[in-house]
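Q: run-v4.txt (compact mmCIF, C-alpha atoms) pasted underneath:
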# COMPACT_ATOMS: atom_id res chain seq x y z
CA MET O 29 -19.77 7.11 -2.47
CA LEU O 30 -17.16 4.87 -4.12
CA VAL O 31 -14.55 7.34 -3.00
CA ALA O 32 -15.47 6.73 0.64
CA PHE O 33 -15.89 2.96 0.27
CA ASP O 34 -12.40 2.55 -1.13
CA ARG O 35 -10.61 5.01 1.11
CA ASP O 36 -9.20 2.29 3.42
CA ARG O 37 -8.43 -0.08 0.55
CA ILE O 38 -6.33 2.60 -1.13
CA ARG O 39 -4.55 3.38 2.12
CA ILE O 40 -3.67 -0.27 2.68
CA LEU O 41 -2.54 -0.76 -0.92
CA VAL O 42 -0.29 2.28 -0.56
CA SER O 43 1.05 1.10 2.81
CA THR O 44 1.84 -2.39 1.54
CA PHE O 45 3.31 -1.26 -1.77
CA ARG O 46 6.85 -2.51 -2.38
CA PHE O 47 8.97 -1.20 -5.24
CA ALA O 48 9.57 -4.00 -7.74
CA GLY O 49 13.05 -5.40 -7.30
CA GLN O 50 13.72 -3.15 -4.28
CA GLY O 51 11.59 -4.55 -1.46
CA ASN O 52 13.02 -2.10 1.06
CA VAL O 53 11.80 0.86 -0.99
CA ARG O 54 8.27 1.73 0.04
CA VAL O 55 6.03 4.66 0.94
CA ALA O 56 7.13 6.00 4.34
CA ARG O 57 4.45 5.95 7.00
CA ASP O 58 4.33 9.73 7.29
CA LYS O 59 3.86 10.05 3.53
CA VAL O 60 1.03 7.55 3.15
CA GLU O 61 -1.78 10.11 3.46
CA ASP O 62 -0.13 12.39 0.89
CA VAL O 63 0.20 9.53 -1.55
CA VAL O 64 -3.43 8.51 -0.93
CA GLN O 65 -4.53 12.02 -1.84
CA ASP O 66 -2.33 11.95 -4.95
CA CYS O 67 -3.90 8.61 -5.87
CA TYR O 68 -7.35 10.19 -5.74
CA LEU O 69 -6.22 13.09 -7.92
CA ARG O 70 -4.63 10.79 -10.44
CA MET O 71 -7.72 8.64 -10.46
CA LEU O 72 -10.04 11.57 -11.08
CA GLY O 73 -7.83 12.75 -13.92
CA MET O 74 -7.72 9.28 -15.43
CA LEU O 75 -11.46 8.72 -15.16
CA ALA O 76 -12.13 11.99 -16.92
CA GLY O 77 -10.73 10.58 -20.13
CA PHE O 78 -12.53 7.26 -20.07
CA LYS O 79 -15.98 6.18 -21.05
CA GLY O 80 -17.64 2.90 -20.12
CA ALA O 81 -19.22 1.02 -17.27
CA VAL O 82 -18.64 3.00 -14.12
CA LEU O 83 -17.75 0.32 -11.57
CA PRO O 84 -15.25 -1.83 -13.50
CA GLN O 85 -13.69 1.33 -14.85
CA TYR O 86 -13.42 2.77 -11.37
CA GLU O 87 -11.91 -0.37 -9.86
CA ALA O 88 -9.35 -0.75 -12.63
CA ALA O 89 -8.50 2.95 -12.51
CA MET O 90 -8.15 2.82 -8.75
CA ALA O 91 -5.77 -0.13 -8.77
CA THR O 92 -3.72 1.23 -11.67
CA CYS O 93 -3.50 4.71 -10.19
CA VAL O 94 -2.42 3.43 -6.79
CA ASP O 95 0.31 1.38 -8.40
CA PHE O 96 1.55 4.18 -10.66
CA GLU O 97 1.37 6.76 -7.89
CA CYS O 98 3.32 4.59 -5.45
CA ARG O 99 5.99 3.91 -8.05
CA ASP O 100 6.28 7.59 -8.91
CA HIS O 101 6.43 8.56 -5.26
CA CYS O 102 9.20 6.07 -4.50
CA ARG O 103 11.13 7.16 -7.57
CA ARG O 104 10.93 10.79 -6.52
CA GLU O 105 11.97 9.98 -2.98
CA MET O 106 14.95 8.02 -4.25
CA ARG O 107 15.99 10.90 -6.45
CA LEU O 108 15.64 13.41 -3.62
CA ASP O 109 17.42 11.25 -1.09
CA GLN O 110 19.78 8.91 -2.83
CA HIS O 111 21.69 8.15 0.34
CA SER O 112 18.69 6.46 1.94
CA GLY O 113 18.94 3.86 -0.81
CA GLY O 114 22.07 2.35 0.75
CA SER O 115 22.93 -0.40 -1.66
CA LEU O 116 21.68 1.71 -4.54
CA GLU O 117 25.01 3.57 -4.32
CA GLU O 118 26.74 0.47 -5.68
CA LYS O 119 28.20 0.58 -9.18
CA VAL O 120 26.83 -1.78 -11.79
CA GLU O 121 28.14 -2.70 -15.21
CA THR O 122 26.12 -1.47 -18.18
CA ASP O 123 25.33 -3.48 -21.28
CA GLY O 124 28.16 -1.71 -23.07
CA GLY O 125 30.68 -2.71 -20.41
CA GLY O 126 30.78 0.75 -18.75
CA GLU O 127 29.93 1.57 -15.15
CA ARG O 128 27.01 3.51 -13.72
CA GLY O 129 25.41 3.95 -10.30
CA LYS O 130 22.97 1.23 -9.35
CA PHE O 131 20.57 3.96 -8.26
CA ASP O 132 20.59 5.50 -11.73
CA ALA O 133 20.20 2.11 -13.31
CA VAL O 134 17.20 1.23 -11.12
CA VAL O 135 15.52 4.61 -11.50
CA GLY O 136 16.21 4.73 -15.21
CA LYS O 137 14.79 1.29 -15.79
CA GLN O 138 11.71 1.98 -13.66
CA GLU O 139 11.19 5.34 -15.35
CA ARG O 140 11.27 3.76 -18.80
CA GLU O 141 8.80 1.15 -17.61
CA ARG O 142 6.54 3.84 -16.14
CA MET O 143 6.55 5.87 -19.36
CA GLN O 144 5.73 2.77 -21.34
CA ALA O 145 3.01 1.92 -18.85
CA GLU O 146 1.54 5.44 -18.99
CA ALA O 147 1.43 5.17 -22.75
CA ARG O 148 -0.57 2.01 -22.33
CA LEU O 149 -2.94 3.22 -19.67
CA ALA O 150 -6.01 1.52 -21.06
CA GLU O 151 -4.01 -1.65 -21.43
CA ALA O 152 -2.84 -1.37 -17.81
CA MET O 153 -6.43 -1.07 -16.66
CA GLU O 154 -7.40 -4.13 -18.67
CA GLN O 155 -4.48 -5.93 -17.08
CA TRP O 156 -5.95 -5.21 -13.69
CA VAL O 157 -9.26 -6.77 -14.64
CA LYS O 158 -7.33 -9.76 -15.96
CA ARG O 159 -5.34 -9.92 -12.77
CA ARG O 160 -8.47 -10.26 -10.69
CA GLU O 161 -9.61 -13.06 -12.93
CA GLU O 162 -6.25 -14.70 -12.35
CA VAL O 163 -6.84 -14.60 -8.62
CA LEU O 164 -9.98 -16.65 -9.09
CA ALA O 165 -8.17 -18.99 -11.46
CA ALA O 166 -5.37 -19.38 -8.91
CA ILE O 167 -7.85 -20.27 -6.20
CA GLY O 168 -9.34 -22.88 -8.49
CA LYS O 169 -5.92 -24.55 -8.68
CA ILE O 170 -5.72 -25.15 -4.95
CA LYS O 171 -5.82 -28.88 -4.45
CA SER O 172 -7.12 -28.98 -0.88
CA ASP O 173 -10.91 -28.59 -0.83
CA ASN O 174 -10.86 -27.04 2.62
CA GLN O 175 -8.14 -24.54 1.70
CA ARG O 176 -9.95 -23.57 -1.49
CA ASN O 177 -13.31 -23.22 0.24
CA VAL O 178 -11.87 -21.19 3.10
CA LEU O 179 -10.31 -18.77 0.64
CA LEU O 180 -13.42 -18.49 -1.53
CA MET O 181 -15.53 -17.81 1.55
CA THR O 182 -12.97 -15.25 2.72
CA PHE O 183 -13.22 -13.36 -0.57
CA GLU O 184 -17.01 -13.62 -0.31
CA GLY O 185 -16.78 -11.77 2.98
CA ARG O 186 -17.33 -14.62 5.46
CA SER O 187 -15.87 -14.33 8.94
CA VAL O 188 -13.82 -17.02 10.70
CA ALA O 189 -16.86 -17.96 12.79
CA GLU O 190 -19.06 -18.39 9.71
CA ILE O 191 -16.43 -20.50 7.93
CA MET O 192 -15.96 -22.68 11.03
CA ASP O 193 -19.69 -23.20 11.20
CA LYS O 194 -20.14 -23.93 7.52
CA LEU O 195 -17.15 -26.21 7.00
CA GLY O 196 -16.96 -27.78 10.44
CA LEU O 197 -13.37 -26.68 10.96
CA SER O 198 -11.61 -25.54 14.12
CA ARG O 199 -10.63 -21.90 14.54
CA ASP O 200 -6.94 -22.71 14.24
CA ASN O 201 -7.63 -24.64 11.05
CA VAL O 202 -9.39 -21.70 9.47
CA TYR O 203 -6.55 -19.35 10.50
CA GLN O 204 -3.98 -21.65 8.97
CA LEU O 205 -5.92 -22.38 5.77
CA ARG O 206 -6.57 -18.70 5.17
CA ARG O 207 -2.90 -17.91 5.46
CA ARG O 208 -1.86 -20.78 3.20
CA GLY O 209 -4.51 -19.86 0.66
CA LEU O 210 -3.45 -16.22 0.53
CA LYS O 211 0.20 -17.27 0.30
CA PHE O 212 -0.74 -19.41 -2.69
CA VAL O 213 -2.51 -16.49 -4.35
CA GLN O 214 0.42 -14.19 -3.59
CA ASP O 215 2.87 -16.64 -5.16
CA GLU O 216 0.64 -17.14 -8.20
CA LEU O 217 0.54 -13.43 -8.82
CA SER O 218 4.12 -12.57 -7.91
CA GLY O 219 5.37 -13.29 -11.41
CA ASN O 220 2.81 -10.93 -12.84
CA ASP O 221 3.28 -7.82 -10.74
CA GLU O 222 3.74 -5.28 -13.49
CA PRO O 223 0.74 -3.44 -14.92
CA MET L 28 2.31 -14.64 21.58
CA THR L 29 -0.51 -14.44 19.02
CA SER L 30 0.40 -16.15 15.77
CA LEU L 31 0.67 -14.51 12.37
CA ASP L 32 -2.22 -16.73 11.21
CA GLU L 33 -4.51 -15.35 13.89
CA ILE L 34 -3.51 -11.72 13.36
CA LEU L 35 -4.05 -12.07 9.61
CA SER L 36 -7.52 -13.45 10.22
CA ASP L 37 -8.25 -10.75 12.80
CA PHE L 38 -7.42 -8.16 10.17
CA ILE L 39 -9.54 -9.85 7.50
CA ASP L 40 -12.55 -10.27 9.78
CA ALA L 41 -12.31 -6.68 10.96
CA TRP L 42 -12.11 -5.55 7.32
CA ILE L 43 -15.14 -7.59 6.32
CA ALA L 44 -17.13 -6.29 9.32
CA GLY L 45 -16.35 -2.70 8.32
CA GLU L 46 -14.38 -2.02 11.48
CA ARG L 47 -11.57 -0.27 9.63
CA PRO L 48 -8.63 -2.31 10.95
CA ASP L 49 -5.38 -0.39 11.35
CA LEU L 50 -2.66 -1.97 9.24
CA ASP L 51 0.25 -0.71 11.33
CA ASP L 52 -1.32 -1.90 14.57
CA HIS L 53 -1.67 -5.39 13.13
CA LEU L 54 1.85 -5.43 11.72
CA GLU L 55 3.23 -4.43 15.10
CA ARG L 56 1.54 -7.38 16.75
CA VAL L 57 3.85 -9.85 14.98
CA PRO L 58 7.64 -10.13 15.42
CA GLU L 59 9.57 -7.79 13.14
CA ALA L 60 10.87 -10.69 11.09
CA GLU L 61 7.29 -11.63 10.12
CA ARG L 62 5.97 -8.16 9.27
CA GLU L 63 6.83 -8.25 5.60
CA GLU L 64 5.14 -11.60 5.25
CA LEU L 65 1.99 -10.32 6.94
CA ALA L 66 1.98 -7.16 4.80
CA GLY L 67 2.29 -9.29 1.66
CA LEU L 68 -0.58 -11.57 2.70
CA ILE L 69 -2.82 -8.60 3.50
CA ARG L 70 -1.97 -7.11 0.09
CA ALA L 71 -2.87 -10.43 -1.56
CA PHE L 72 -6.23 -10.27 0.24
CA MET L 73 -6.75 -6.69 -0.97
CA VAL L 74 -6.52 -7.77 -4.62
CA ASP L 75 -10.09 -9.04 -4.37
CA ALA L 76 -11.18 -8.12 -0.86
CA PRO L 77 -14.94 -7.68 -0.47
CA VAL L 78 -16.44 -4.27 0.13
CA PRO L 79 -16.54 -3.83 3.93
CA ALA L 80 -19.91 -3.80 5.68
CA TYR L 81 -19.56 -0.20 6.84
CA SER L 82 -22.28 1.14 9.10
CA THR L 83 -23.91 4.42 8.14
CA GLU L 84 -22.03 6.08 10.98
CA THR L 85 -18.67 4.72 9.80
CA LEU L 86 -19.32 5.80 6.23
CA ARG L 87 -20.16 9.26 7.47
CA GLU L 88 -16.92 9.26 9.44
CA ILE L 89 -14.91 8.26 6.37
CA GLN L 90 -16.62 10.86 4.22
CA SER L 91 -15.64 13.56 6.68
CA GLU L 92 -11.93 12.73 6.46
CA PRO L 93 -9.93 15.45 4.69
CA ALA L 94 -8.66 13.30 1.80
CA VAL L 95 -12.16 12.01 1.00
CA GLN L 96 -13.83 15.36 1.61
CA ARG L 97 -11.44 17.11 -0.74
CA THR L 98 -11.97 14.51 -3.45
CA ILE L 99 -15.75 14.74 -3.15
CA GLU L 100 -15.52 18.53 -3.35
CA LEU L 101 -13.43 18.26 -6.50
CA ILE L 102 -15.95 15.94 -8.11
CA GLU L 103 -18.83 18.21 -7.21
CA ALA L 104 -17.04 21.42 -8.17
CA ARG L 105 -16.65 20.21 -11.77
CA SER L 106 -14.03 22.86 -12.38
CA GLY L 107 -10.98 20.76 -13.14
CA LEU L 108 -8.29 19.57 -10.77
CA TRP L 109 -5.55 22.10 -11.36
CA ALA L 110 -6.32 24.04 -8.20
CA GLU L 111 -5.58 20.91 -6.22
CA LEU L 112 -2.95 19.31 -8.39
CA LEU L 113 -0.61 22.16 -9.32
CA PRO L 114 0.24 23.33 -5.78
CA ARG L 115 0.85 19.70 -4.81
CA LEU L 116 3.13 19.12 -7.78
CA ARG L 117 5.00 22.31 -6.94
CA THR L 118 5.47 21.25 -3.33
CA ARG L 119 6.56 17.83 -4.46
CA VAL L 120 9.44 19.15 -6.57
CA ARG L 121 10.24 21.63 -3.78
CA LEU L 122 9.84 24.80 -5.82
CA THR L 123 8.21 28.06 -4.82
CA ARG L 124 5.51 29.51 -7.03
CA GLU L 125 7.97 32.24 -8.07
CA GLU L 126 10.53 29.64 -9.13
CA VAL L 127 7.93 27.75 -11.17
CA VAL L 128 6.79 30.97 -12.84
CA SER L 129 10.36 31.97 -13.65
CA ARG L 130 11.06 28.60 -15.27
CA LEU L 131 7.72 28.65 -17.06
CA ALA L 132 8.25 32.17 -18.43
CA ASN L 133 11.71 31.22 -19.69
CA ALA L 134 10.49 27.98 -21.23
CA LEU L 135 7.80 29.92 -23.08
CA GLY L 136 10.27 32.58 -24.21
CA GLN L 137 8.39 35.17 -22.15
CA GLY L 138 11.08 36.06 -19.61
CA PRO L 139 10.48 39.83 -19.91
CA LYS L 140 6.76 39.29 -19.31
CA GLU L 141 7.21 37.11 -16.23
CA ALA L 142 4.77 39.18 -14.17
CA ARG L 143 1.94 38.45 -16.60
CA VAL L 144 2.88 34.77 -16.75
CA HIS L 145 2.78 34.86 -12.95
CA ALA L 146 -0.74 36.25 -12.97
CA TYR L 147 -1.96 33.58 -15.37
CA TYR L 148 -0.21 30.80 -13.51
CA HIS L 149 -1.85 32.07 -10.32
CA ARG L 150 -5.20 31.62 -12.04
CA MET L 151 -4.27 28.07 -12.95
CA GLU L 152 -3.36 27.28 -9.34
CA SER L 153 -6.47 28.95 -7.98
CA GLY L 154 -8.80 27.23 -10.45
CA THR L 155 -10.01 30.47 -11.98
CA ILE L 156 -8.89 29.90 -15.54
CA GLU L 157 -10.71 27.87 -18.16
CA PRO L 158 -8.51 24.76 -18.62
CA ALA L 159 -9.43 24.32 -22.28
CA GLY L 160 -7.99 27.76 -23.00
CA VAL L 161 -4.47 26.92 -21.83
CA SER L 162 -2.19 26.02 -24.72
CA ARG L 163 -0.24 22.82 -25.16
CA ARG L 164 3.00 24.82 -25.00
CA VAL L 165 2.17 25.88 -21.44
CA LEU L 166 1.21 22.34 -20.46
CA ASP L 167 4.37 20.91 -22.04
CA ALA L 168 6.51 23.41 -20.15
CA LEU L 169 4.79 22.72 -16.82
CA ALA L 170 4.99 18.97 -17.39
CA GLY L 171 8.75 19.36 -17.81
CA ILE L 172 9.06 21.46 -14.66
CA PHE L 173 7.00 19.05 -12.54
CA GLY L 174 8.28 15.82 -14.06
CA VAL L 175 4.84 14.59 -15.14
CA THR L 176 3.33 14.01 -18.56
CA THR L 177 1.43 16.64 -20.51
CA GLY L 178 -1.42 14.14 -20.66
CA ASP L 179 -1.62 14.05 -16.86
CA LEU L 180 -2.00 17.83 -16.69
CA GLU L 181 -4.47 17.91 -19.56
CA ALA L 182 -6.63 15.19 -17.99
CA ALA L 183 -6.59 16.92 -14.62
CA GLY L 184 -7.67 20.20 -16.21
CA ASP L 185 -10.38 18.51 -18.25
CA PHE L 186 -11.81 16.62 -15.30
CA GLY L 187 -15.36 17.70 -14.68
CA SER L 188 -15.08 20.78 -16.87
CA ALA L 189 -18.43 21.99 -18.06
CA PRO L 190 -19.04 22.05 -21.81
CA GLU L 191 -18.34 25.27 -23.64
CA PRO L 192 -21.56 26.84 -24.88
CA ASP L 193 -19.73 29.65 -26.68
CA ALA L 194 -16.02 29.20 -26.40
CA GLY L 195 -15.24 32.39 -28.30
CA ALA L 196 -16.76 34.50 -25.58
CA VAL L 197 -15.39 32.48 -22.70
CA PHE L 198 -11.76 33.12 -23.61
CA ALA L 199 -12.22 36.78 -24.43
CA ARG L 200 -10.31 38.64 -21.72
CA PRO L 201 -6.58 38.91 -21.08
CA LEU L 202 -5.43 39.27 -17.50
CA GLU L 203 -3.64 42.23 -15.97
CA PRO L 204 -1.07 41.65 -13.21
CA GLY L 205 -2.37 41.95 -9.68
CA VAL L 206 -6.00 41.61 -10.65
CA THR L 207 -7.96 39.14 -8.54
CA TYR L 208 -11.12 37.37 -9.56
CA ASP L 209 -14.14 35.88 -7.91
CA VAL L 210 -14.16 32.21 -8.88
CA ARG L 211 -17.95 32.02 -8.97
CA SER L 212 -18.35 34.90 -11.35
CA GLU L 213 -15.41 34.02 -13.57
CA ARG L 214 -17.40 32.65 -16.46
CA LEU L 215 -19.86 35.54 -16.40
CA GLU L 216 -17.01 38.04 -16.28
CA HIS L 217 -15.46 36.46 -19.33
CA ARG L 218 -18.60 37.15 -21.27
CA SER L 219 -18.60 40.86 -20.51
CA LEU L 220 -15.12 41.61 -21.72
CA ASP L 221 -14.25 44.11 -24.30
CA LYS L 222 -10.94 42.77 -25.63
CA THR L 223 -11.30 40.48 -28.59
CA PRO L 224 -9.02 37.53 -29.45
CA ALA L 225 -7.63 39.63 -32.28
CA GLU L 226 -6.21 42.00 -29.68
CA TRP L 227 -4.45 39.33 -27.64
CA ASP L 228 -0.71 39.31 -27.36
CA GLU L 229 1.48 36.20 -27.17
CA VAL L 230 1.01 35.69 -23.40
CA ASP L 231 -2.78 35.94 -23.70
CA ARG L 232 -2.81 33.43 -26.52
CA LEU L 233 -0.68 31.00 -24.51
CA PHE L 234 -3.16 30.96 -21.63
CA LEU L 235 -6.46 31.73 -23.33
CA GLY L 236 -6.15 30.59 -26.90
CA GLY L 237 -6.69 26.90 -26.29
CA ARG L 238 -5.01 23.86 -27.80
Have the structure of the file written as structure tokens, please.
A:
Amino acid sequence: MLVAFDRDRIRILVSTFRFAGQGNVRVARDKVEDVVQDCYLRMLGMLAGFKGAVLPQYEAAMATCVDFECRDHCRREMRLDQHSGGSLEEKVETDGGGERGKFDAVVGKQERERMQAEARLAEAMEQWVKRREEVLAAIGKIKSDNQRNVLLMTFEGRSVAEIMDKLGLSRDNVYQLRRRGLKFVQDELSGNDEP
Amino acid sequence: MTSLDEILSDFIDAWIAGERPDLDDHLERVPEAEREELAGLIRAFMVDAPVPAYSTETLREIQSEPAVQRTIELIEARSGLWAELLPRLRTRVRLTREEVVSRLANALGQGPKEARVHAYYHRMESGTIEPAGVSRRVLDALAGIFGVTTGDLEAAGDFGSAPEPDAGAVFARPLEPGVTYDVRSERLEHRSLDKTPAEWDEVDRLFLGGR
């Protein structure tokens, strides 16, 4: 049942994935369904090796797998079609003063990070749990009571109409406060995007 | 024109209500210059978005979608994920099965016995081989060919595999080229074989001998 409940969440996470440091590198629209299926496979494989509480394990595995799978997919696509990278054709200077393609530098760096991340799979899953806690902590830092309450109610699953009714705000106010609140959360987490 | 604020909230409310909002439709409702911002805000919401209030009908609809259906089948089949994973990995690196087999046979030092490697690899792709019987050398070689880790392949093979009541009997038969097997009777067939592990050659041991 969890598989069905999270089907849309996985699809949206895949669709909104952006390669770290290369915002224009993402999963192409016509590849999203393939990557979603690969996410499921990766997730099933990962869950096979873990023991523990089912739901937290599932959620952490889901988030970690989506992230890893999207990164791997983008890396493969870049390798198969270097020309689509555009600026990745640029030459960059290496630490030793030599020159190498920017594409190779980006892929190499990301690949090393991925291998390190794979080696720390359990750690990556724990990071995800921590990350969710950080979202709540970030919301707690919002100074405006209305903005904080709108966001908390949003994450609780309250609609605009319910929030308007409960907090006595106008529709436009709720729209605006939701956006600002999510922008705050996004900014809080942006420095902590790596699993 | 509808503002980004409103479209973001439309998406969130539709998500919460279990209406399955279409991301692309929502992104297209804002000017191109604002699409990345909207995508980022929706992603921020997804970090802790509540479980949607799907109706029974909607859940049934989701469960019937191919990606979900296939995953559910894999969970229920409890026979490992290789049958699903290996063909996808092969497609992903744009190799034919013959090309994979050729590389695998060479990597294993079994070039002259490529036909037998082919038959065993076919069993891996069709889910008719016991994953625990496949050696680490084979997994290492395939991991190299597909650009994944050996651990990934091992975990996929192990997923859902039933425990081995008598492993010695399960891995008792080598495969002849061109022979096809009924998936459902595979385990029973293994138990009725007449060739013992002592009679296996190198190719048999690679695919049946375990890790």
Q: Can you tell me, as an MDAnalysis selection string, which residues sit within 10 Å of (-0.4, 4.5, -8.1) in the file's frame, using all atoms listed in the file?
A: chainID O and resid 38 41:42 45 63:64 66:68 70:71 89:101
Q: What residues in chain O lie within 6 Å of chain L, counting only C-alpha atoms, written as JSON, numbers by chain?
A: {"O": [32, 44, 65, 73, 76, 183, 185, 187, 203, 204, 207, 210, 214]}
Q: For atom CA of O:Asn52 and atom CA of O:Asp36, determine how far apart the two atoms are, in Å to one decimal place.
A: 22.8 Å
Q: What is the distance between atom CA of O:Val202 and atom CA of L:Leu54, in Å to one decimal?
A: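 Result for atom CA of O:Val202 versus atom CA of L:Leu54: 19.9 Å, one decimal.
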Q: Can you list, as a ChimeraX atom specification, every protein, DNA or RNA residue that comes within 10 Å of O:Ala189 when you count all atoms listed in the file, leaving out same-chain residues fewer than 3 positions away?
A: /O:186,192-194,197-199,202 /L:40
Q: Would you compute the distance between atom CA of O:Lys171 and atom CA of O:Glu190? Give it in Å to one decimal.
A: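 Distance reported for this atom pair: 22.0 Å.
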